[in-house]
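Note: the block below is query_24.tsv and it holds TSV, C-alpha atoms.
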```tsv
chain	number	residue	atom	x	y	z
A	1	MET	CA	24.26	-0.79	-6.32
A	2	VAL	CA	21.16	-0.60	-8.50
A	3	ASN	CA	21.27	-2.00	-12.02
A	4	MET	CA	20.40	0.75	-14.52
A	5	GLU	CA	18.74	-1.79	-16.85
A	6	GLU	CA	16.46	-3.16	-14.16
A	7	GLY	CA	12.97	-3.91	-15.47
A	8	GLY	CA	9.68	-2.98	-13.85
A	9	GLY	CA	9.08	-6.46	-12.43
A	10	ASP	CA	12.62	-6.70	-11.08
A	11	LYS	CA	12.33	-3.30	-9.45
A	12	LEU	CA	9.01	-4.25	-7.81
A	13	ALA	CA	10.49	-7.52	-6.54
A	14	ARG	CA	13.51	-5.70	-5.09
A	15	LYS	CA	11.31	-3.11	-3.38
A	16	ALA	CA	9.10	-5.90	-1.98
A	17	ARG	CA	12.17	-7.58	-0.44
A	18	GLU	CA	13.31	-4.28	1.07
A	19	SER	CA	9.85	-3.34	2.39
A	20	PRO	CA	7.57	-6.38	2.78
A	21	PHE	CA	4.53	-4.28	3.74
A	22	MET	CA	4.51	-2.43	0.41
A	23	PRO	CA	2.91	-5.36	-1.50
A	24	ILE	CA	0.33	-5.65	1.30
A	25	GLY	CA	-0.52	-1.98	0.81
A	26	LEU	CA	-0.77	-2.43	-2.95
A	27	ALA	CA	-3.02	-5.47	-2.50
A	28	GLY	CA	-5.23	-3.45	-0.14
A	29	LEU	CA	-5.40	-0.69	-2.73
A	30	ALA	CA	-6.48	-3.18	-5.40
A	31	VAL	CA	-9.17	-4.61	-3.09
A	32	VAL	CA	-10.55	-1.15	-2.26
A	33	CYS	CA	-10.62	-0.23	-5.96
A	34	ALA	CA	-12.37	-3.49	-6.86
A	35	ILE	CA	-14.99	-2.97	-4.15
A	36	GLY	CA	-15.43	0.63	-5.28
A	37	ALA	CA	-15.94	-0.42	-8.88
A	38	TYR	CA	-18.55	-2.95	-7.77
A	39	LYS	CA	-20.38	-0.46	-5.54
A	40	TYR	CA	-20.31	2.33	-8.12
A	41	LYS	CA	-23.52	1.21	-9.78
A	42	ASN	CA	-25.32	0.96	-6.40
A	43	ARG	CA	-24.32	4.39	-5.09
A	44	GLY	CA	-27.90	5.70	-5.09
A	45	GLU	CA	-28.34	9.47	-5.19
A	46	MET	CA	-24.67	10.18	-4.39
A	47	SER	CA	-22.87	12.15	-7.08
A	48	THR	CA	-19.95	10.56	-8.89
A	49	SER	CA	-17.44	13.13	-7.62
A	50	VAL	CA	-18.38	12.53	-3.96
A	51	PHE	CA	-18.24	8.76	-4.46
A	52	LEU	CA	-14.80	8.95	-6.07
A	53	MET	CA	-13.55	11.25	-3.30
A	54	GLN	CA	-14.64	8.75	-0.65
A	55	LEU	CA	-13.08	5.91	-2.64
A	56	ARG	CA	-9.79	7.83	-2.89
A	57	VAL	CA	-9.73	8.44	0.87
A	58	ALA	CA	-10.40	4.74	1.55
A	59	ALA	CA	-7.65	3.63	-0.85
A	60	GLN	CA	-5.11	6.08	0.56
A	61	GLY	CA	-6.03	5.11	4.11
A	62	THR	CA	-5.45	1.45	3.31
A	63	VAL	CA	-1.99	2.07	1.86
A	64	VAL	CA	-0.94	4.49	4.61
A	65	GLY	CA	-2.18	2.04	7.25
A	66	ALA	CA	-0.18	-0.84	5.78
A	67	LEU	CA	2.98	1.29	5.53
A	68	SER	CA	2.49	2.55	9.11
A	69	ILE	CA	2.20	-1.01	10.39
A	70	GLY	CA	5.38	-1.87	8.49
A	71	LEU	CA	7.19	1.10	10.01
A	72	ALA	CA	6.02	0.15	13.51
A	73	TYR	CA	7.18	-3.43	12.92
A	74	THR	CA	10.61	-2.25	11.76
A	75	MET	CA	10.98	0.15	14.68
A	76	PHE	CA	9.96	-2.60	17.14
A	77	ASN	CA	12.57	-4.97	15.72
A	78	THR	CA	15.27	-2.30	15.70
A	79	TYR	CA	14.75	-0.56	19.02
A	80	VAL	CA	13.00	-3.10	21.26
A	81	LEU	CA	14.45	-6.40	20.08
A	82	GLY	CA	17.78	-4.91	18.96
A	83	LYS	CA	17.86	-6.61	15.56
A	84	LYS	CA	19.97	-4.81	12.98
A	85	ASP	CA	19.27	-4.84	9.23
A	86	ASN	CA	22.24	-5.57	7.01
```

Output the structure of this file as structure tokens.
Amino acid sequence: MVNMEEGGGDKLARKARESPFMPIGLAGLAVVCAIGAYKYKNRGEMSTSVFLMQLRVAAQGTVVGALSIGLAYTMFNTYVLGKKDN
């Protein structure tokens, strides 16, 4: 049962325990955004909207990739190794 007075940090910690690949995806998102912010001033002739679109695709791809790896890991444990989550 979920506590209705659960704070933001507590909720994030609970979600991280339930899905350990979520923090990896969030860390990847932060790295992509940091690299994008650094490369923004060296984008050359590329327009800002095109640069931000490419940055968004890279960030979403990083998060989706991390979550897909987590799903594959969970499915492998459940169906191949036969481990059950409680």

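Put simply, CA of Lys41 (chain A) is 28.1 Å away from CA of Ala66 (chain A).
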
Hey, could you make a per-residue contact list for region 1-52 of chain A against region 71-82 of chain A with 12 Å as the cut-off, showing the nearest pair of atoms and its distance in Å to one decimal, counting all atoms listed in the file, sorted by chain and number, as a tab-separated table?
```
residue	atom	partner	partner_atom	distance
A:Glu18	CA	A:Thr74	CA	11.2
A:Ser19	CA	A:Leu71	CA	9.2
A:Pro20	CA	A:Thr74	CA	10.3
A:Phe21	CA	A:Leu71	CA	8.7
A:Met22	CA	A:Leu71	CA	10.6
```

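One distance worth recording is that between CA of Ala34 (chain A) and CA of Gly8 (chain A), which is 23.1 Å.
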
- Item | Residues near Ala16 (chain A), cut-off 12 Å, all atoms listed in the file, skip fewer than 6 positions along chain, as an NGL selection string | :A and (9-10 or 22-26 or 70)

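Taking CA of Val64 (chain A) and CA of Cys33 (chain A) as the two end points, the separation is 15.1 Å.
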
Set up a box along x, y and z of the file covering all listed atoms of region 36-45 of chain A, add 4 Å on every one of the six sides, and write the centre and edge lengths in Å to one decimal, as AutoDock Vina command-line options.
```
--center_x -21.9 --center_y 3.3 --center_z -7.4 --size_x 20.9 --size_y 20.4 --size_z 12.7
```

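Comparing A:Arg43, A:Thr62, A:Ile69, A:Lys83 by their smallest distance to Leu29 (chain A), the closest is A:Thr62 (using all atoms listed in the file).
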
- Task: Skip Arg56 (chain A) itself and residues of its chain fewer than 2 positions away, then list as a PyMOL selection string all residues within 12 Å of it, counting only C-alpha atoms.
- Result: chain A and resi 29-30+32-33+36-37+49-54+58-63

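Between Tyr40 (chain A) and the residues A:Leu55, A:Gly7, A:Lys84, A:Ser68, the shortest atom-to-atom distance, using all atoms listed in the file, involves A:Leu55.
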